[in-house]
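This is data10.cif. It holds mmCIF, C-alpha atoms.
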```cif
data_query
loop_
_atom_site.group_PDB
_atom_site.id
_atom_site.type_symbol
_atom_site.label_atom_id
_atom_site.label_comp_id
_atom_site.auth_asym_id
_atom_site.auth_seq_id
_atom_site.Cartn_x
_atom_site.Cartn_y
_atom_site.Cartn_z
ATOM 1 C CA MET A 1 0.000 0.000 0.000
ATOM 2 C CA ASP A 2 1.498 3.351 -1.105
ATOM 3 C CA LEU A 3 0.519 6.363 0.999
ATOM 4 C CA ASP A 4 0.065 9.792 -0.556
ATOM 5 C CA VAL A 5 2.084 12.278 1.521
ATOM 6 C CA ALA A 6 -0.403 15.103 0.784
ATOM 7 C CA GLN A 7 -3.227 12.944 2.172
ATOM 8 C CA VAL A 8 -1.198 12.042 5.261
ATOM 9 C CA ARG A 9 -0.348 15.711 5.805
ATOM 10 C CA ALA A 10 -4.042 16.610 5.525
ATOM 11 C CA PHE A 11 -4.859 13.981 8.163
ATOM 12 C CA VAL A 12 -2.130 15.082 10.593
ATOM 13 C CA ARG A 13 -3.002 18.766 10.333
ATOM 14 C CA THR A 14 -6.721 18.038 10.858
ATOM 15 C CA ALA A 15 -5.889 15.793 13.806
ATOM 16 C CA GLU A 16 -3.905 18.664 15.345
ATOM 17 C CA GLU A 17 -6.563 21.322 14.711
ATOM 18 C CA LEU A 18 -9.678 19.113 15.106
ATOM 19 C CA HIS A 19 -11.295 21.629 12.763
ATOM 20 C CA PHE A 20 -11.477 21.136 8.994
ATOM 21 C CA GLY A 21 -11.606 24.856 8.180
ATOM 22 C CA ARG A 22 -8.526 25.793 10.215
ATOM 23 C CA ALA A 23 -6.600 22.768 8.962
ATOM 24 C CA ALA A 24 -7.389 23.671 5.350
ATOM 25 C CA GLU A 25 -6.245 27.241 5.903
ATOM 26 C CA THR A 26 -2.875 26.235 7.348
ATOM 27 C CA LEU A 27 -2.310 23.998 4.312
ATOM 28 C CA ALA A 28 -3.423 26.779 1.945
ATOM 29 C CA ILE A 29 -6.087 24.589 0.316
ATOM 30 C CA SER A 30 -9.879 24.692 0.280
ATOM 31 C CA GLN A 31 -11.874 22.806 2.899
ATOM 32 C CA GLN A 32 -13.406 20.738 0.100
ATOM 33 C CA ALA A 33 -9.940 19.705 -1.126
ATOM 34 C CA LEU A 34 -8.922 18.790 2.432
ATOM 35 C CA SER A 35 -12.044 16.657 2.915
ATOM 36 C CA LYS A 36 -11.384 14.846 -0.380
ATOM 37 C CA ARG A 37 -7.812 14.033 0.623
ATOM 38 C CA ILE A 38 -8.919 12.597 3.947
ATOM 39 C CA ALA A 39 -11.787 10.670 2.325
ATOM 40 C CA ARG A 40 -9.350 9.097 -0.168
ATOM 41 C CA LEU A 41 -6.966 8.196 2.656
ATOM 42 C CA GLU A 42 -9.805 6.606 4.652
ATOM 43 C CA SER A 43 -10.871 4.678 1.542
ATOM 44 C CA LEU A 44 -7.310 3.447 0.987
ATOM 45 C CA LEU A 45 -6.984 2.366 4.624
ATOM 46 C CA GLY A 46 -10.494 0.914 4.711
ATOM 47 C CA THR A 47 -11.422 2.663 7.944
ATOM 48 C CA GLU A 48 -12.658 6.008 9.237
ATOM 49 C CA LEU A 49 -10.065 8.226 10.894
ATOM 50 C CA PHE A 50 -12.408 10.955 12.179
ATOM 51 C CA GLN A 51 -15.792 11.090 13.832
ATOM 52 C CA ARG A 52 -17.751 14.032 12.462
ATOM 53 C CA GLY A 53 -20.853 15.208 14.274
ATOM 54 C CA GLY A 54 -22.626 17.961 16.152
ATOM 55 C CA THR A 55 -20.041 17.822 18.938
ATOM 56 C CA GLY A 56 -17.203 18.607 16.524
ATOM 57 C CA VAL A 57 -14.408 16.545 15.007
ATOM 58 C CA ARG A 58 -12.725 13.734 16.935
ATOM 59 C CA LEU A 59 -10.246 11.006 16.092
ATOM 60 C CA THR A 60 -11.553 7.464 15.927
ATOM 61 C CA GLU A 61 -9.563 4.692 17.598
ATOM 62 C CA ALA A 62 -8.030 3.935 14.205
ATOM 63 C CA GLY A 63 -7.170 7.620 13.801
ATOM 64 C CA GLN A 64 -5.479 7.680 17.196
ATOM 65 C CA ARG A 65 -3.387 4.629 16.261
ATOM 66 C CA PHE A 66 -2.521 6.084 12.857
ATOM 67 C CA LEU A 67 -1.450 9.540 14.110
ATOM 68 C CA PRO A 68 2.020 8.735 15.602
ATOM 69 C CA PRO A 69 3.330 6.800 12.546
ATOM 70 C CA ALA A 70 1.703 9.371 10.255
ATOM 71 C CA ARG A 71 3.751 12.093 11.953
ATOM 72 C CA GLN A 72 6.873 9.962 11.481
ATOM 73 C CA THR A 73 6.019 9.593 7.796
ATOM 74 C CA LEU A 74 5.755 13.364 7.405
ATOM 75 C CA ALA A 75 9.006 13.920 9.267
ATOM 76 C CA ALA A 76 10.764 11.530 6.875
ATOM 77 C CA ALA A 77 9.181 13.266 3.858
ATOM 78 C CA ASP A 78 10.176 16.704 5.168
ATOM 79 C CA ALA A 79 13.700 15.456 5.785
ATOM 80 C CA ALA A 80 13.867 14.279 2.167
ATOM 81 C CA VAL A 81 12.735 17.704 0.953
ATOM 82 C CA ALA A 82 15.251 19.404 3.228
ATOM 83 C CA ALA A 83 18.028 17.231 1.828
ATOM 84 C CA ALA A 84 17.056 18.262 -1.697
ATOM 85 C CA VAL A 85 16.696 22.013 -1.078
ATOM 86 C CA GLY A 86 19.608 22.286 1.320
ATOM 87 C CA LYS A 87 19.199 20.892 4.805
ATOM 88 C CA ASP A 88 21.277 23.527 6.511
ATOM 89 C CA ARG A 89 19.473 26.542 5.042
ATOM 90 C CA PRO A 90 17.622 28.357 7.851
ATOM 91 C CA LEU A 91 14.050 29.539 7.466
ATOM 92 C CA ARG A 92 14.110 33.117 6.165
ATOM 93 C CA VAL A 93 11.537 35.160 8.071
ATOM 94 C CA ASP A 94 10.640 38.831 7.750
ATOM 95 C CA VAL A 95 8.434 41.120 9.834
ATOM 96 C CA TRP A 96 6.527 44.327 9.257
ATOM 97 C CA GLY A 97 4.716 46.805 11.490
ATOM 98 C CA HIS A 98 8.024 47.592 13.192
ATOM 99 C CA LEU A 99 6.637 50.375 15.393
ATOM 100 C CA TYR A 100 4.443 47.758 17.107
ATOM 101 C CA ALA A 101 7.467 45.502 17.779
ATOM 102 C CA PRO A 102 6.475 42.240 16.024
ATOM 103 C CA MET A 103 9.659 40.551 17.254
ATOM 104 C CA ARG A 104 8.174 40.502 20.776
ATOM 105 C CA THR A 105 5.841 37.759 19.629
ATOM 106 C CA LEU A 106 8.094 35.966 17.162
ATOM 107 C CA ALA A 107 10.889 35.755 19.730
ATOM 108 C CA GLN A 108 8.635 33.693 22.010
ATOM 109 C CA VAL A 109 8.415 30.882 19.453
ATOM 110 C CA ALA A 110 11.725 31.196 17.610
ATOM 111 C CA GLY A 111 13.565 28.766 19.875
ATOM 112 C CA ARG A 112 11.104 25.987 19.024
ATOM 113 C CA ALA A 113 10.983 26.684 15.290
ATOM 114 C CA GLY A 114 14.523 25.789 14.231
ATOM 115 C CA GLU A 115 17.096 28.202 12.864
ATOM 116 C CA LEU A 116 15.679 31.493 11.577
ATOM 117 C CA THR A 117 17.214 34.429 9.740
ATOM 118 C CA LEU A 118 15.506 37.815 9.635
ATOM 119 C CA GLY A 119 14.886 39.956 6.563
ATOM 120 C CA HIS A 120 14.426 43.694 6.186
ATOM 121 C CA GLY A 121 10.845 44.306 5.014
ATOM 122 C CA ARG A 122 9.283 47.647 5.894
ATOM 123 C CA ASP A 123 5.615 47.074 5.051
ATOM 124 C CA LEU A 124 3.158 44.362 3.973
ATOM 125 C CA PRO A 125 3.427 45.013 0.184
ATOM 126 C CA SER A 126 7.229 44.765 0.194
ATOM 127 C CA VAL A 127 7.156 41.624 2.343
ATOM 128 C CA ALA A 128 4.492 40.048 0.100
ATOM 129 C CA THR A 129 6.648 40.742 -2.957
ATOM 130 C CA ALA A 130 9.671 39.147 -1.273
ATOM 131 C CA LEU A 131 7.598 36.042 -0.473
ATOM 132 C CA LEU A 132 6.306 35.702 -4.038
ATOM 133 C CA HIS A 133 9.824 36.103 -5.431
ATOM 134 C CA GLY A 134 11.161 33.420 -3.071
ATOM 135 C CA ASP A 135 13.499 35.841 -1.300
ATOM 136 C CA ILE A 136 12.022 34.859 2.093
ATOM 137 C CA ASP A 137 10.040 31.845 3.331
ATOM 138 C CA ALA A 138 7.635 33.379 5.848
ATOM 139 C CA ALA A 139 6.669 36.711 7.361
ATOM 140 C CA PHE A 140 4.958 37.974 10.489
ATOM 141 C CA GLY A 141 2.764 41.021 11.035
ATOM 142 C CA ARG A 142 -0.803 42.234 10.534
ATOM 143 C CA VAL A 143 -2.415 40.873 7.356
ATOM 144 C CA HIS A 144 -5.126 42.903 5.640
ATOM 145 C CA PRO A 145 -6.639 42.965 2.158
ATOM 146 C CA PRO A 146 -5.869 43.139 -0.656
ATOM 147 C CA LEU A 147 -3.511 40.170 -0.431
ATOM 148 C CA SER A 148 -1.782 38.730 -3.484
ATOM 149 C CA ALA A 149 -2.846 35.360 -4.864
ATOM 150 C CA GLY A 150 -0.370 32.638 -4.003
ATOM 151 C CA LEU A 151 -0.039 33.668 -0.354
ATOM 152 C CA ALA A 152 -1.568 31.975 2.686
ATOM 153 C CA HIS A 153 -1.768 33.193 6.252
ATOM 154 C CA ARG A 154 -2.689 32.054 9.732
ATOM 155 C CA LEU A 155 -3.850 34.124 12.684
ATOM 156 C CA VAL A 156 -1.353 33.817 15.547
ATOM 157 C CA ARG A 157 -2.183 36.434 18.180
ATOM 158 C CA LEU A 158 -4.887 38.946 19.082
ATOM 159 C CA GLU A 159 -3.426 41.707 21.238
ATOM 160 C CA PRO A 160 -5.487 44.309 23.153
ATOM 161 C CA VAL A 161 -4.674 47.879 22.186
ATOM 162 C CA ASP A 162 -4.167 50.809 24.589
ATOM 163 C CA ALA A 163 -4.449 54.527 23.990
ATOM 164 C CA VAL A 164 -1.236 56.475 24.524
ATOM 165 C CA LEU A 165 -1.827 60.110 25.528
ATOM 166 C CA SER A 166 -0.042 63.177 26.724
ATOM 167 C CA ALA A 167 -0.129 63.355 30.527
ATOM 168 C CA ASP A 168 -1.804 66.760 29.984
ATOM 169 C CA HIS A 169 -4.610 65.277 27.913
ATOM 170 C CA PRO A 170 -8.051 65.959 29.496
ATOM 171 C CA LEU A 171 -8.713 62.176 29.671
ATOM 172 C CA ALA A 172 -5.254 61.092 30.830
ATOM 173 C CA ALA A 173 -6.358 60.431 34.416
ATOM 174 C CA GLU A 174 -9.172 58.049 33.431
ATOM 175 C CA PRO A 175 -8.672 54.387 34.445
ATOM 176 C CA ALA A 176 -10.085 53.251 31.082
ATOM 177 C CA LEU A 177 -11.644 54.834 28.004
ATOM 178 C CA ARG A 178 -14.185 53.889 25.390
ATOM 179 C CA PRO A 179 -12.874 54.536 21.864
ATOM 180 C CA ASP A 180 -15.697 56.971 21.119
ATOM 181 C CA GLU A 181 -14.603 59.152 24.049
ATOM 182 C CA LEU A 182 -11.571 60.116 21.950
ATOM 183 C CA ARG A 183 -13.607 61.799 19.207
ATOM 184 C CA ASP A 184 -12.538 65.288 20.239
ATOM 185 C CA SER A 185 -8.874 64.282 20.325
ATOM 186 C CA VAL A 186 -6.345 64.142 17.488
ATOM 187 C CA LEU A 187 -5.317 60.681 16.326
ATOM 188 C CA TRP A 188 -1.552 60.948 15.716
ATOM 189 C CA ALA A 189 -0.317 58.498 13.065
ATOM 190 C CA PRO A 190 3.286 57.580 12.147
ATOM 191 C CA GLY A 191 2.666 58.071 8.430
ATOM 192 C CA ALA A 192 -0.143 58.567 5.917
ATOM 193 C CA LEU A 193 -3.334 57.194 7.438
ATOM 194 C CA ASP A 194 -4.468 55.495 4.217
ATOM 195 C CA ARG A 195 -1.315 53.334 4.414
ATOM 196 C CA LEU A 196 -1.886 52.373 8.066
ATOM 197 C CA ASP A 197 -4.823 50.005 7.799
ATOM 198 C CA PHE A 198 -5.482 49.422 11.500
ATOM 199 C CA LEU A 199 -5.468 53.121 12.470
ATOM 200 C CA HIS A 200 -7.472 54.014 9.379
ATOM 201 C CA ARG A 201 -10.192 51.471 10.176
ATOM 202 C CA PHE A 202 -10.211 52.495 13.840
ATOM 203 C CA ALA A 203 -10.787 56.140 12.877
ATOM 204 C CA ASP A 204 -13.620 55.163 10.515
ATOM 205 C CA ARG A 205 -15.313 52.800 12.971
ATOM 206 C CA PHE A 206 -15.367 55.258 15.871
ATOM 207 C CA ALA A 207 -15.934 58.433 13.817
ATOM 208 C CA LEU A 208 -12.611 60.054 14.704
ATOM 209 C CA HIS A 209 -12.356 62.925 12.249
ATOM 210 C CA ASN A 210 -9.371 64.723 13.810
ATOM 211 C CA THR A 211 -6.256 63.020 12.520
ATOM 212 C CA ALA A 212 -2.692 64.138 11.825
ATOM 213 C CA THR A 213 0.394 62.378 10.540
ATOM 214 C CA SER A 214 4.057 62.337 11.447
ATOM 215 C CA VAL A 215 7.189 60.735 10.017
ATOM 216 C CA ASN A 216 8.146 57.341 11.411
ATOM 217 C CA LEU A 217 11.550 57.928 13.024
ATOM 218 C CA GLY A 218 11.108 55.220 15.622
ATOM 219 C CA LEU A 219 8.907 54.614 18.633
ATOM 220 C CA ALA A 220 10.674 56.993 21.047
ATOM 221 C CA HIS A 221 10.446 59.923 18.627
ATOM 222 C CA PHE A 222 6.817 59.142 17.798
ATOM 223 C CA LEU A 223 5.736 58.951 21.443
ATOM 224 C CA ALA A 224 7.606 62.145 22.277
ATOM 225 C CA GLU A 225 5.478 63.865 19.638
ATOM 226 C CA VAL A 226 2.329 62.461 21.237
ATOM 227 C CA ALA A 227 3.422 63.629 24.684
ATOM 228 C CA GLU A 228 4.165 67.205 23.624
ATOM 229 C CA GLU A 229 0.583 68.019 22.515
ATOM 230 C CA PRO A 230 -2.302 67.747 25.056
ATOM 231 C CA ARG A 231 -4.919 66.765 22.461
ATOM 232 C CA ARG A 232 -2.956 64.025 20.709
ATOM 233 C CA PHE A 233 -3.289 60.288 21.189
ATOM 234 C CA SER A 234 -2.324 57.130 19.335
ATOM 235 C CA LEU A 235 -2.707 53.381 19.707
ATOM 236 C CA LEU A 236 -0.200 50.703 20.697
ATOM 237 C CA PRO A 237 -0.569 46.996 21.519
ATOM 238 C CA ALA A 238 -0.728 46.687 25.287
ATOM 239 C CA ASP A 239 2.475 44.641 25.663
ATOM 240 C CA VAL A 240 4.745 46.876 23.591
ATOM 241 C CA PRO A 241 7.612 47.924 25.899
ATOM 242 C CA LEU A 242 7.575 51.731 25.937
ATOM 243 C CA PRO A 243 10.731 53.826 25.943
ATOM 244 C CA GLU A 244 11.043 56.324 28.758
ATOM 245 C CA VAL A 245 9.209 59.360 27.428
ATOM 246 C CA HIS A 246 8.406 62.167 29.837
ATOM 247 C CA GLY A 247 4.764 63.219 30.011
ATOM 248 C CA LEU A 248 3.214 60.099 28.471
ATOM 249 C CA ARG A 249 0.321 58.032 29.796
ATOM 250 C CA THR A 250 -1.248 54.774 28.600
ATOM 251 C CA VAL A 251 -4.935 54.043 29.182
ATOM 252 C CA PRO A 252 -6.734 50.743 28.399
ATOM 253 C CA LEU A 253 -9.562 50.876 25.859
ATOM 254 C CA VAL A 254 -12.837 49.110 26.675
ATOM 255 C CA ASP A 255 -16.401 48.715 25.368
ATOM 256 C CA PRO A 256 -15.112 47.584 22.938
ATOM 257 C CA THR A 257 -11.459 46.677 23.320
ATOM 258 C CA PRO A 258 -9.644 46.963 19.967
ATOM 259 C CA LEU A 259 -7.545 43.909 19.133
ATOM 260 C CA TYR A 260 -4.493 43.987 16.903
ATOM 261 C CA ALA A 261 -4.236 40.776 14.864
ATOM 262 C CA TRP A 262 -0.790 39.277 14.263
ATOM 263 C CA SER A 263 -0.541 36.633 11.529
ATOM 264 C CA LEU A 264 2.025 34.372 9.923
ATOM 265 C CA LEU A 265 2.213 34.726 6.131
ATOM 266 C CA TRP A 266 3.840 32.386 3.598
ATOM 267 C CA ARG A 267 3.895 31.475 -0.073
ATOM 268 C CA THR A 268 1.615 28.590 -1.081
ATOM 269 C CA GLY A 269 3.624 25.486 -1.874
ATOM 270 C CA ASN A 270 6.727 26.454 0.126
ATOM 271 C CA GLY A 271 8.236 23.111 1.156
ATOM 272 C CA HIS A 272 10.809 24.318 3.672
ATOM 273 C CA PRO A 273 10.460 22.001 6.728
ATOM 274 C CA GLY A 274 11.064 24.922 9.075
ATOM 275 C CA LEU A 275 7.791 26.483 7.989
ATOM 276 C CA ASN A 276 5.811 23.619 9.500
ATOM 277 C CA SER A 277 7.885 23.880 12.677
ATOM 278 C CA LEU A 278 7.176 27.603 12.915
ATOM 279 C CA THR A 279 3.408 27.267 12.442
ATOM 280 C CA THR A 280 3.330 24.452 14.997
ATOM 281 C CA ALA A 281 5.317 26.515 17.518
ATOM 282 C CA CYS A 282 2.995 29.497 16.999
ATOM 283 C CA ALA A 283 -0.098 27.340 17.534
ATOM 284 C CA ALA A 284 1.359 25.817 20.708
ATOM 285 C CA GLU A 285 2.275 29.204 22.187
ATOM 286 C CA ALA A 286 -1.127 30.638 21.252
ATOM 287 C CA GLY A 287 -2.810 27.872 23.230
ATOM 288 C CA ARG A 288 -0.438 28.170 26.174
ATOM 289 C CA SER A 289 -0.588 31.980 26.404
ATOM 290 C CA ARG A 290 -4.254 32.357 25.394
ATOM 291 C CA TRP A 291 -3.312 34.579 22.472
ATOM 292 C CA LEU A 292 -6.489 33.952 20.473
ATOM 293 C CA GLU A 293 -9.211 34.760 22.983
ATOM 294 C CA TYR A 294 -11.926 36.860 21.403
ATOM 295 C CA ASP A 295 -15.449 37.886 22.376
ATOM 296 C CA PRO A 296 -17.353 39.868 19.737
ATOM 297 C CA ALA A 297 -19.555 41.316 22.486
ATOM 298 C CA ARG A 298 -16.638 43.153 24.081
ATOM 299 C CA ASP A 299 -13.823 43.194 21.500
ATOM 300 C CA TRP A 300 -13.394 44.960 18.151
ATOM 301 C CA LEU A 301 -11.489 43.636 15.149
ATOM 302 C CA PRO A 302 -11.307 45.516 11.841
ATOM 303 C CA GLU A 303 -12.069 42.285 10.008
ATOM 304 C CA ARG A 304 -13.663 38.958 10.821
ATOM 305 C CA PRO A 305 -10.988 36.372 11.673
ATOM 306 C CA THR A 306 -10.510 33.709 8.981
ATOM 307 C CA ASN A 307 -9.795 30.996 11.571
ATOM 308 C CA PRO A 308 -12.161 31.912 14.431
ATOM 309 C CA PRO A 309 -10.352 32.432 17.748
ATOM 310 C CA GLU A 310 -11.707 31.415 21.111
ATOM 311 C CA ARG A 311 -14.099 33.536 23.097
ATOM 312 C CA ARG A 312 -12.545 35.311 26.048
ATOM 313 C CA ASP A 313 -13.513 33.943 29.435
ATOM 314 C CA ASP A 314 -16.189 35.844 31.325
ATOM 315 C CA PRO A 315 -14.441 37.350 34.388
ATOM 316 C CA HIS A 316 -17.636 36.910 36.373
#
```
Just give me the structure of the file as structure tokens.
Amino acid sequence: MDLDVAQVRAFVRTAEELHFGRAAETLAISQQALSKRIARLESLLGTELFQRGGTGVRLTEAGQRFLPPARQTLAAADAAVAAAVGKDRPLRVDVWGHLYAPMRTLAQVAGRAGELTLGHGRDLPSVATALLHGDIDAAFGRVHPPLSAGLAHRLVRLEPVDAVLSADHPLAAEPALRPDELRDSVLWAPGALDRLDFLHRFADRFALHNTATSVNLGLAHFLAEVAEEPRRFSLLPADVPLPEVHGLRTVPLVDPTPLYAWSLLWRTGNGHPGLNSLTTACAAEAGRSRWLEYDPARDWLPERPTNPPERRDDPH
């Protein structure tokens, strides 16, 4: 009996996700194509590998027995690919959205993802071009449309966003703010707003008509500009380590809490074995650190997630 590696990979990824839609997305194929691969594998083996029902997707006893050797089969196949393309070549990864410090997140998984080298992309279009040209293998940042055909992505982290204000701002002493309470303030952006998708969508959603732009000379310079004007504010992911800037205050945003979505992006068909290691490490850390908690009743995302994250626990 000859096993099809693509079918085995479809089984293993679905067994890890226990969700056909998410598994299909990580493999950059349609859910229908994924289901066909698994159905053909089950037909070849003469047994069902998954139980599908109202309670979700579960492995059958045969599926549980098949999973460990199936993983070994994939590891051997990936090793063969690595030998052909150059086993010692590290995974080339780039990041964008530098002001929001994407390396904070990537650094937490890098040690479990094999050897990585970092590129020099400055924005999503330039990183997407590098991926399509084969100059890099993967990239990390906030994905938003339009996205070029031939690229696939996976949501990795949803990070709450804070308002950063001058200490002299009229609302600086508040313990928390609703986004619409900032309508009389000036949204300070590190570049043209139409090129900063998250800030642009935030301004549209909460009817913030007072906006102004600066030049991105780094986080310290940008925040110093915010601090020097009492009406200015901007947005930063809550965990971004702030440089010491005199006269600056951060205030959580609530009702709703904006979430900044970090994703992993890659070229469809990239066979570098480190890519699978990186996506697996990201998924493991997301589960461990609860990176994908989301409640549409209390959180705001500019776009609907393509692989739905978990709801955030009710604190009550």
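Atom CA of Phe198 of chain A sits 17.3 Å away from atom CA of Pro296 of chain A.
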Worksheet entry | Contact residues around Arg92 of chain A with only C-alpha atoms at 9 Å, ignoring same-chain residues under 3 positions, as a list of chain:residue names | A:Arg89, A:Glu115, A:Leu116, A:Thr117, A:Leu118, A:Gly119, A:Asp135, A:Ile136, A:Asp137, A:Ala138, A:Ala139
Fill in: Contacts of Pro241 of chain A at 12 Å (all atoms listed in the file; same-chain gap of 4+ positions) as a ChimeraX atom specification
/A:99-104,219-220,236-237,245,250
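Distances to Ser185 of chain A were evaluated for A:Val226, A:Ala173, A:Ala281, A:Ala79 using only C-alpha atoms, and the minimum falls at A:Val226.
Nearest residue to Arg267 of chain A among A:Arg52, A:Leu132, A:Glu16, A:Gln31 is A:Leu132, counting all atoms listed in the file.
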Repair of segment 90-102 of chain A at the level of N, CA, C and O atoms, as an mmCIF file, keeping the file's coordinate frame:
```cif
data_model
loop_
_atom_site.group_PDB
_atom_site.id
_atom_site.type_symbol
_atom_site.label_atom_id
_atom_site.label_comp_id
_atom_site.auth_asym_id
_atom_site.auth_seq_id
_atom_site.Cartn_x
_atom_site.Cartn_y
_atom_site.Cartn_z
ATOM 1 N N PRO A 90 18.614 27.967 6.851
ATOM 2 C CA PRO A 90 17.622 28.357 7.851
ATOM 3 C C PRO A 90 16.361 28.915 7.188
ATOM 4 O O PRO A 90 16.366 29.293 6.015
ATOM 5 N N LEU A 91 15.292 28.946 7.938
ATOM 6 C CA LEU A 91 14.050 29.539 7.466
ATOM 7 C C LEU A 91 14.215 31.055 7.448
ATOM 8 O O LEU A 91 14.574 31.667 8.450
ATOM 9 N N ARG A 92 13.950 31.668 6.312
ATOM 10 C CA ARG A 92 14.110 33.117 6.165
ATOM 11 C C ARG A 92 12.775 33.789 6.496
ATOM 12 O O ARG A 92 11.782 33.596 5.792
ATOM 13 N N VAL A 93 12.762 34.547 7.567
ATOM 14 C CA VAL A 93 11.537 35.160 8.071
ATOM 15 C C VAL A 93 11.701 36.675 8.088
ATOM 16 O O VAL A 93 12.764 37.194 8.436
ATOM 17 N N ASP A 94 10.639 37.372 7.703
ATOM 18 C CA ASP A 94 10.640 38.831 7.750
ATOM 19 C C ASP A 94 9.469 39.295 8.607
ATOM 20 O O ASP A 94 8.541 38.523 8.884
ATOM 21 N N VAL A 95 9.517 40.539 9.032
ATOM 22 C CA VAL A 95 8.434 41.120 9.834
ATOM 23 C C VAL A 95 8.097 42.492 9.270
ATOM 24 O O VAL A 95 8.886 43.107 8.562
ATOM 25 N N TRP A 96 6.892 42.947 9.578
ATOM 26 C CA TRP A 96 6.527 44.327 9.257
ATOM 27 C C TRP A 96 5.692 44.868 10.417
ATOM 28 O O TRP A 96 5.401 44.161 11.366
ATOM 29 N N GLY A 97 5.363 46.163 10.349
ATOM 30 C CA GLY A 97 4.716 46.805 11.490
ATOM 31 C C GLY A 97 5.710 47.045 12.613
ATOM 32 O O GLY A 97 5.419 46.827 13.788
ATOM 33 N N HIS A 98 6.918 47.529 12.242
ATOM 34 C CA HIS A 98 8.024 47.592 13.192
ATOM 35 C C HIS A 98 7.730 48.462 14.409
ATOM 36 O O HIS A 98 8.220 48.190 15.501
ATOM 37 N N LEU A 99 6.934 49.497 14.260
ATOM 38 C CA LEU A 99 6.637 50.375 15.393
ATOM 39 C C LEU A 99 5.913 49.610 16.505
ATOM 40 O O LEU A 99 6.014 49.955 17.675
ATOM 41 N N TYR A 100 5.186 48.556 16.130
ATOM 42 C CA TYR A 100 4.443 47.758 17.107
ATOM 43 C C TYR A 100 5.242 46.547 17.584
ATOM 44 O O TYR A 100 4.700 45.657 18.233
ATOM 45 N N ALA A 101 6.522 46.499 17.248
ATOM 46 C CA ALA A 101 7.467 45.502 17.779
ATOM 47 C C ALA A 101 7.013 44.059 17.554
ATOM 48 O O ALA A 101 6.786 43.311 18.504
ATOM 49 N N PRO A 102 6.896 43.620 16.295
ATOM 50 C CA PRO A 102 6.475 42.240 16.024
ATOM 51 C C PRO A 102 7.428 41.188 16.576
ATOM 52 O O PRO A 102 6.996 40.071 16.865
#
```
